[in-house]
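Engineer: Here it is: the structure, laid out below.
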Amino acid sequence: MRKYVSSLLATAFSLFASAQDYDEFGVVPQNLTAGSVGTITLTLNNPNMDNVRALEFSIVLPKGWGVGSSGTFGDRAPKDKFGDIVATLQNNEHNDTGLINYIIYSTTTTGFSGNSGDIVSIKVNVPEGTPAGYYPITIKDIDIANSATDVSSNIRIAETTSYVRVGDPEEATLALSGVVPTFVNEALAQEPSTALQTLDLTAATALNGTFHYVDARNVRAPEGTPLTLATASFKRTVAEDKYITVNLPFDATFPHYIVTGNNDNTVTFDEETSYTKGTPALVLGSVEATANNVDLVGVEKQTITDGYYIKDNMLWKVNGNAKISALRGYFESGMFHFNEAQSTSLRIVVNNGTPTGIENMATDKANTTYDLQGRRTEKAQNGVYIREGQKILIK
């Protein structure tokens, strides 16, 4: 069977399709359960799929995961569309590496009609005890044969990565490599940042569609040559009278406020619409920003020991350590010049005189408690902690 497809694909491919042209092949993001058999669905969106005769690819599952003895066709591949279609599973014994090879081909002259949709569903065995989290699934060595006689139409598609979710993870990390398809980017934007805390793209080679920077989610970018994003976006929804801060990794256009001056105990913010990347800015209410043709930049949570940040519509002075989530801004002490000894109140105005809802400055509670690693602790258990710069023992 592989010999049949190999003869169909053996001639050197004269067309190597770019990921931008053939980026929509991968696993539809979905939920699976540890200790059970689930179904993953592969979908394909290819502008040149008419009359395709054969499709060969490999799936790399997480180590230890296995698959059933055969796949079942989805809506894209019923026999009335494909003629006599055969799906063959190869090398299932290689479950220790997670590599499984698939061949789908037509035994007649009838091709694969249609350009998009679910192409095959595969049963996956998720081992008992698999920790809750996000797991990458790679589709690689993708070959498409359009004709048994016209080898110039043969196509090889770039490696792509998708993901599945197991259980109910908290603060999980997902590492994707190769090309990230458009539908994966869209699905990632819907995942709550509290569940997917870090998206590791250090091994990614392309990001198709719109890449969404999700509020408070860490993003790790490749080192060296940056990936260029066709479109980058950011969105955070809050009450219309709430003040927040942003620090975005791309230039954009949206209403925001930047520090323009200060004297005595008043700091002035002026409204701007043209935002410059990397600038800590104040925003009133929700914010939505997009930009085209930008380089992917990594963003991660920071720990600061000096400066000011916004919380509960108040400006807070850092006392000890403060955690600043990714994509949120803080103001360095040097940006504000006022005499704290004379007053604990800092008045902030915007638009050259219109008062904001932020009228007071507050200082982190003096009795804030930290563990020995410098992490703020709300409810300290038994052990040694640091409070007001002194070690304390809680029994």
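So you can find residues: chains in the structure tokens are A, B, ... in the order shown, residues in each start at 1, and ligands are numbered from 1 in order.
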Which residues are close to segment 235-248 of chain A, i.e. within 9 Å by only C-alpha atoms, leaving aside same-chain residues fewer than 3 positions away? Reply as a ChimeraX atom specification.
Structural biologist: /A:212-215,251-252,275-290,299,309-314,326-330,356-358
Engineer: Filtering to N, CA, C and O atoms, could you give me those residues as a CSV table (one decimal), in the first residue's frame?
Structural biologist:
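What landed in again15.csv:
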chain,number,residue,atom,x,y,z
A,212,HIS,N,-3.3,36.6,18.6
A,212,HIS,CA,-3.9,37.4,19.7
A,212,HIS,C,-3.0,37.4,20.9
A,212,HIS,O,-2.8,36.3,21.5
A,213,TYR,N,-2.6,38.5,21.3
A,213,TYR,CA,-1.9,38.7,22.6
A,213,TYR,C,-3.1,38.7,23.6
A,213,TYR,O,-3.9,39.6,23.6
A,214,VAL,N,-3.1,37.7,24.5
A,214,VAL,CA,-4.2,37.6,25.5
A,214,VAL,C,-3.8,38.3,26.8
A,214,VAL,O,-2.6,38.0,27.2
A,215,ASP,N,-4.6,39.1,27.3
A,215,ASP,CA,-4.3,39.8,28.6
A,215,ASP,C,-3.7,38.9,29.6
A,215,ASP,O,-4.3,37.8,29.9
A,251,ASP,N,2.9,48.9,17.8
A,251,ASP,CA,2.3,50.2,17.7
A,251,ASP,C,0.8,50.0,17.3
A,251,ASP,O,0.5,49.0,16.6
A,252,ALA,N,0.0,50.9,17.7
A,252,ALA,CA,-1.5,50.8,17.4
A,252,ALA,C,-2.1,52.1,17.6
A,252,ALA,O,-1.5,53.1,18.0
A,275,TYR,N,-0.5,55.0,19.7
A,275,TYR,CA,0.2,54.3,20.8
A,275,TYR,C,1.6,53.8,20.2
A,275,TYR,O,1.6,53.2,19.2
A,276,THR,N,2.6,54.1,21.0
A,276,THR,CA,4.0,53.6,20.7
A,276,THR,C,4.3,52.3,21.5
A,276,THR,O,4.2,52.4,22.7
A,277,LYS,N,4.7,51.3,20.9
A,277,LYS,CA,5.0,50.0,21.6
A,277,LYS,C,5.9,50.2,22.7
A,277,LYS,O,6.9,51.0,22.6
A,278,GLY,N,5.7,49.4,23.8
A,278,GLY,CA,6.6,49.5,24.9
A,278,GLY,C,6.4,50.6,25.8
A,278,GLY,O,7.1,50.8,26.8
A,279,THR,N,5.3,51.4,25.6
A,279,THR,CA,5.0,52.6,26.5
A,279,THR,C,3.9,52.2,27.5
A,279,THR,O,2.8,51.8,27.2
A,280,PRO,N,4.2,52.4,28.8
A,280,PRO,CA,3.2,52.2,29.8
A,280,PRO,C,2.2,53.3,29.7
A,280,PRO,O,2.5,54.5,29.7
A,281,ALA,N,0.9,52.9,29.6
A,281,ALA,CA,-0.1,53.9,29.4
A,281,ALA,C,-1.3,53.6,30.2
A,281,ALA,O,-1.6,52.4,30.6
A,282,LEU,N,-2.1,54.6,30.5
A,282,LEU,CA,-3.3,54.5,31.3
A,282,LEU,C,-4.5,54.5,30.3
A,282,LEU,O,-4.5,55.2,29.3
A,283,VAL,N,-5.5,53.6,30.6
A,283,VAL,CA,-6.7,53.5,29.7
A,283,VAL,C,-7.9,53.5,30.6
A,283,VAL,O,-7.9,52.9,31.6
A,284,LEU,N,-8.9,54.2,30.1
A,284,LEU,CA,-10.2,54.2,30.8
A,284,LEU,C,-11.1,53.3,30.1
A,284,LEU,O,-11.5,53.5,28.9
A,285,GLY,N,-11.6,52.2,30.8
A,285,GLY,CA,-12.5,51.3,30.2
A,285,GLY,C,-11.8,50.2,29.4
A,285,GLY,O,-10.6,50.0,29.5
A,286,SER,N,-12.5,49.6,28.5
A,286,SER,CA,-12.0,48.5,27.7
A,286,SER,C,-11.0,49.0,26.6
A,286,SER,O,-11.1,50.2,26.2
A,287,VAL,N,-10.2,48.1,26.2
A,287,VAL,CA,-9.2,48.5,25.1
A,287,VAL,C,-9.2,47.4,24.1
A,287,VAL,O,-9.2,46.2,24.4
A,288,GLU,N,-9.1,47.8,22.8
A,288,GLU,CA,-8.9,46.8,21.7
A,288,GLU,C,-8.0,47.5,20.7
A,288,GLU,O,-8.2,48.6,20.3
A,289,ALA,N,-7.0,46.7,20.3
A,289,ALA,CA,-5.9,47.2,19.5
A,289,ALA,C,-5.5,46.2,18.5
A,289,ALA,O,-5.4,45.0,18.8
A,290,THR,N,-5.2,46.6,17.2
A,290,THR,CA,-4.7,45.7,16.2
A,290,THR,C,-3.6,46.4,15.4
A,290,THR,O,-3.6,47.6,15.4
A,299,VAL,N,6.5,38.5,25.8
A,299,VAL,CA,6.0,39.3,26.9
A,299,VAL,C,5.8,38.4,28.1
A,299,VAL,O,5.3,37.3,27.9
A,309,TYR,N,1.7,51.4,40.3
A,309,TYR,CA,0.8,50.6,39.4
A,309,TYR,C,-0.6,50.9,39.8
A,309,TYR,O,-0.9,51.5,40.9
A,310,ILE,N,-1.5,50.6,38.9
A,310,ILE,CA,-3.0,50.9,39.1
A,310,ILE,C,-3.7,49.6,39.6
A,310,ILE,O,-3.5,48.5,39.0
A,311,LYS,N,-4.5,49.7,40.6
A,311,LYS,CA,-5.3,48.7,41.1
A,311,LYS,C,-6.5,49.3,41.8
A,311,LYS,O,-6.4,50.2,42.6
A,312,ASP,N,-7.7,48.7,41.5
A,312,ASP,CA,-9.0,49.2,42.1
A,312,ASP,C,-9.1,50.7,41.9
A,312,ASP,O,-9.5,51.4,42.9
A,313,ASN,N,-8.8,51.2,40.8
A,313,ASN,CA,-8.9,52.7,40.5
A,313,ASN,C,-8.1,53.6,41.4
A,313,ASN,O,-8.5,54.7,41.7
A,314,MET,N,-7.0,53.0,41.9
A,314,MET,CA,-6.1,53.8,42.7
A,314,MET,C,-4.7,53.6,42.3
A,314,MET,O,-4.4,52.5,41.6
A,326,ALA,N,1.8,40.1,32.4
A,326,ALA,CA,2.2,40.4,31.0
A,326,ALA,C,1.2,41.4,30.4
A,326,ALA,O,0.0,41.2,30.6
A,327,LEU,N,1.7,42.3,29.6
A,327,LEU,CA,0.9,43.3,28.8
A,327,LEU,C,0.3,44.4,29.6
A,327,LEU,O,-0.5,45.2,29.1
A,328,ARG,N,0.6,44.4,30.9
A,328,ARG,CA,0.1,45.5,31.8
A,328,ARG,C,1.3,46.4,32.2
A,328,ARG,O,2.4,45.9,32.3
A,329,GLY,N,1.0,47.6,32.3
A,329,GLY,CA,2.1,48.6,32.6
A,329,GLY,C,2.2,49.0,34.0
A,329,GLY,O,1.3,48.9,34.8
A,330,TYR,N,3.4,49.6,34.3
A,330,TYR,CA,3.6,50.3,35.6
A,330,TYR,C,4.5,51.5,35.3
A,330,TYR,O,5.1,51.6,34.2
A,356,THR,N,-9.8,62.4,37.0
A,356,THR,CA,-10.1,61.0,36.7
A,356,THR,C,-10.8,60.5,38.0
A,356,THR,O,-10.9,61.1,39.0
A,357,GLY,N,-11.1,59.2,37.9
A,357,GLY,CA,-11.6,58.5,39.1
A,357,GLY,C,-10.5,58.1,40.1
A,357,GLY,O,-10.7,57.6,41.1
A,358,ILE,N,-9.2,58.4,39.7
A,358,ILE,CA,-8.1,58.1,40.6
A,358,ILE,C,-7.7,59.3,41.3
A,358,ILE,O,-7.1,60.3,40.8
Engineer: Tell me, as a ChimeraX atom specification, which residues lie within 10 Å of segment 157-163 of chain A, counting only C-alpha atoms; anything in the same chain fewer than 4 positions away does not count.
Structural biologist: /A:15-31,42,57-61,134-144,174-181,183-185,187-188,204-207
Engineer: Dump N, CA and C atoms for the selected residues as a short mmCIF file (atom, residue, chain, number, x, y, z; two decimals), in the first residue's frame?
Structural biologist:
data_model
loop_
_atom_site.label_atom_id
_atom_site.label_comp_id
_atom_site.auth_asym_id
_atom_site.auth_seq_id
_atom_site.Cartn_x
_atom_site.Cartn_y
_atom_site.Cartn_z
N LEU A 15 6.95 21.45 -6.78
CA LEU A 15 6.23 22.56 -6.13
C LEU A 15 6.30 22.36 -4.64
N PHE A 16 6.94 23.28 -3.95
CA PHE A 16 6.95 23.26 -2.48
C PHE A 16 6.06 24.40 -2.02
N ALA A 17 4.88 24.06 -1.54
CA ALA A 17 3.90 25.08 -1.18
C ALA A 17 4.32 25.81 0.08
N SER A 18 4.17 27.11 0.07
CA SER A 18 4.49 27.87 1.27
C SER A 18 3.43 27.65 2.32
N ALA A 19 3.81 27.87 3.60
CA ALA A 19 2.85 27.69 4.69
C ALA A 19 1.68 28.64 4.55
N GLN A 20 1.94 29.82 3.95
CA GLN A 20 0.85 30.78 3.80
C GLN A 20 -0.22 30.26 2.85
N ASP A 21 0.17 29.46 1.86
CA ASP A 21 -0.79 28.95 0.89
C ASP A 21 -1.50 27.69 1.38
N TYR A 22 -0.83 26.90 2.19
CA TYR A 22 -1.37 25.61 2.62
C TYR A 22 -1.20 25.45 4.12
N ASP A 23 -1.80 26.38 4.86
CA ASP A 23 -1.53 26.42 6.29
C ASP A 23 -2.61 25.75 7.13
N GLU A 24 -3.69 25.31 6.50
CA GLU A 24 -4.84 24.88 7.29
C GLU A 24 -4.95 23.38 7.42
N PHE A 25 -3.88 22.72 7.81
CA PHE A 25 -3.92 21.28 8.03
C PHE A 25 -3.47 21.03 9.46
N GLY A 26 -4.33 20.45 10.26
CA GLY A 26 -3.96 20.17 11.64
C GLY A 26 -5.14 19.65 12.43
N VAL A 27 -4.92 19.47 13.72
CA VAL A 27 -5.94 18.96 14.62
C VAL A 27 -6.80 20.12 15.12
N VAL A 28 -8.09 19.95 15.04
CA VAL A 28 -9.00 20.94 15.59
C VAL A 28 -8.84 20.94 17.11
N PRO A 29 -8.50 22.08 17.74
CA PRO A 29 -8.34 22.10 19.20
C PRO A 29 -9.60 21.62 19.91
N GLN A 30 -9.41 20.74 20.90
CA GLN A 30 -10.54 20.13 21.59
C GLN A 30 -10.09 19.59 22.94
N ASN A 31 -11.05 19.10 23.72
CA ASN A 31 -10.78 18.57 25.05
C ASN A 31 -10.76 17.06 25.04
N LEU A 42 -8.86 15.85 12.14
CA LEU A 42 -7.95 16.63 11.31
C LEU A 42 -8.76 17.36 10.26
N PHE A 57 0.82 11.52 5.59
CA PHE A 57 1.32 12.40 6.63
C PHE A 57 1.65 11.59 7.87
N SER A 58 2.36 12.20 8.79
CA SER A 58 2.69 11.59 10.07
C SER A 58 2.14 12.46 11.19
N ILE A 59 1.67 11.82 12.25
CA ILE A 59 1.20 12.52 13.43
C ILE A 59 2.16 12.23 14.57
N VAL A 60 2.59 13.27 15.26
CA VAL A 60 3.42 13.11 16.44
C VAL A 60 2.57 13.44 17.65
N LEU A 61 2.20 12.40 18.39
CA LEU A 61 1.41 12.56 19.61
C LEU A 61 2.33 12.73 20.81
N TYR A 134 -2.12 21.45 28.44
CA TYR A 134 -2.25 21.63 27.01
C TYR A 134 -1.13 20.86 26.33
N TYR A 135 -1.49 20.03 25.33
CA TYR A 135 -0.53 19.14 24.70
C TYR A 135 -0.47 19.39 23.19
N PRO A 136 0.75 19.59 22.64
CA PRO A 136 0.88 19.84 21.21
C PRO A 136 0.77 18.55 20.40
N ILE A 137 0.18 18.64 19.23
CA ILE A 137 0.13 17.53 18.27
C ILE A 137 0.67 18.07 16.95
N THR A 138 1.70 17.41 16.45
CA THR A 138 2.38 17.86 15.24
C THR A 138 1.96 17.00 14.05
N ILE A 139 1.69 17.65 12.93
CA ILE A 139 1.45 16.96 11.67
C ILE A 139 2.65 17.28 10.77
N LYS A 140 3.36 16.25 10.32
CA LYS A 140 4.59 16.48 9.57
C LYS A 140 4.66 15.53 8.37
N ASP A 141 5.69 15.72 7.55
CA ASP A 141 5.91 14.89 6.36
C ASP A 141 4.63 14.78 5.54
N ILE A 142 4.02 15.93 5.26
CA ILE A 142 2.73 15.98 4.58
C ILE A 142 2.95 16.04 3.08
N ASP A 143 2.49 15.01 2.37
CA ASP A 143 2.62 14.95 0.92
C ASP A 143 1.24 14.82 0.30
N ILE A 144 0.99 15.60 -0.75
CA ILE A 144 -0.27 15.53 -1.48
C ILE A 144 0.05 15.24 -2.94
N LEU A 174 1.99 25.82 27.06
CA LEU A 174 1.85 25.11 25.79
C LEU A 174 3.00 25.52 24.88
N ALA A 175 3.75 24.54 24.38
CA ALA A 175 4.87 24.81 23.48
C ALA A 175 4.51 24.32 22.08
N LEU A 176 4.48 25.23 21.13
CA LEU A 176 4.15 24.89 19.75
C LEU A 176 5.38 25.08 18.86
N SER A 177 5.54 24.18 17.87
CA SER A 177 6.66 24.28 16.93
C SER A 177 6.11 24.27 15.51
N GLY A 178 6.97 24.60 14.54
CA GLY A 178 6.53 24.60 13.16
C GLY A 178 5.54 25.72 12.89
N VAL A 179 4.61 25.45 11.96
CA VAL A 179 3.61 26.44 11.58
C VAL A 179 2.39 26.31 12.49
N VAL A 180 1.91 27.42 13.00
CA VAL A 180 0.68 27.44 13.80
C VAL A 180 -0.46 27.87 12.88
N PRO A 181 -1.43 26.99 12.60
CA PRO A 181 -2.51 27.34 11.66
C PRO A 181 -3.41 28.44 12.21
N PHE A 183 -6.68 28.52 12.48
CA PHE A 183 -7.74 28.10 13.40
C PHE A 183 -7.21 27.79 14.78
N VAL A 184 -5.92 27.47 14.90
CA VAL A 184 -5.32 27.26 16.21
C VAL A 184 -5.16 28.60 16.92
N ASN A 185 -4.68 29.62 16.20
CA ASN A 185 -4.58 30.96 16.78
C ASN A 185 -5.91 31.46 17.30
N ALA A 187 -8.49 29.63 18.26
CA ALA A 187 -8.89 28.85 19.43
C ALA A 187 -8.11 29.27 20.67
N LEU A 188 -6.82 29.56 20.51
CA LEU A 188 -6.00 29.99 21.64
C LEU A 188 -6.51 31.30 22.24
N ALA A 204 8.52 27.88 17.01
CA ALA A 204 7.58 28.11 15.91
C ALA A 204 8.31 28.70 14.71
N THR A 205 7.86 28.34 13.51
CA THR A 205 8.47 28.86 12.29
C THR A 205 7.55 29.82 11.55
N ALA A 206 6.27 29.80 11.84
CA ALA A 206 5.32 30.72 11.21
C ALA A 206 4.04 30.74 12.03
N LEU A 207 3.38 31.89 12.04
CA LEU A 207 2.09 32.04 12.72
C LEU A 207 1.12 32.61 11.70
#
Engineer: From the list A:Trp316, A:Phe250, A:Tyr102, A:Tyr308, which residue is nearest Met335 of chain A when using only C-alpha atoms?
Structural biologist: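 Closest to Met335 of chain A, using only C-alpha atoms: A:Tyr308.
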Engineer: Run DSSP on the backbone of this structure and report the residues of segment 155-189 of chain A it assigns to strand (DSSP E or B), as a VMD selection string.
Structural biologist: chain A and resid 155 to 157 160 to 166 172 to 180
Engineer: Segment 86-304 of chain A: which residues are helix (DSSP H, G or I) by DSSP, as an MDAnalysis selection string?
Structural biologist: chainID A and resid 151:153 182:190
Engineer: Could you work out how far atom CA of Asn101 of chain A lies from atom CA of Asn125 of chain A, giving the answer in Å with one decimal?
Structural biologist: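 Here the two named atoms are 16.1 Å from each other.
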Engineer: When you look at Arg217 of chain A with a cut-off of 7 Å (counting only C-alpha atoms), what residues show up, excluding the ones that are within fewer than 5 positions of it in the same chain? I need them as a PyMOL selection string.
Structural biologist: chain A and resi 193+197-198+326
Engineer: What does the file look like for those residues with N, CA and C atoms, as a tab-separated table (two decimals), in the first residue's frame?
Structural biologist:
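For reference, result.tsv as written:
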chain	number	residue	atom	x	y	z
A	193	SER	N	-6.75	32.93	30.15
A	193	SER	CA	-5.33	33.08	30.49
A	193	SER	C	-4.98	32.40	31.81
A	197	GLN	N	-1.33	29.87	30.87
A	197	GLN	CA	-0.61	31.05	31.35
A	197	GLN	C	0.54	31.42	30.45
A	198	THR	N	1.17	30.42	29.82
A	198	THR	CA	2.35	30.68	29.00
A	198	THR	C	2.24	29.98	27.66
A	326	ALA	N	1.78	40.13	32.40
A	326	ALA	CA	2.19	40.44	31.03
A	326	ALA	C	1.18	41.35	30.36
Engineer: Name the closest residue to Leu196 of chain A among the candidates A:Glu223, A:Asp295, A:Glu56, A:Asp168; distances are taken between atoms, counting only C-alpha atoms.
Structural biologist: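 Going through A:Glu223, A:Asp295, A:Glu56, A:Asp168 one by one, the smallest distance to Leu196 of chain A is for A:Asp168.
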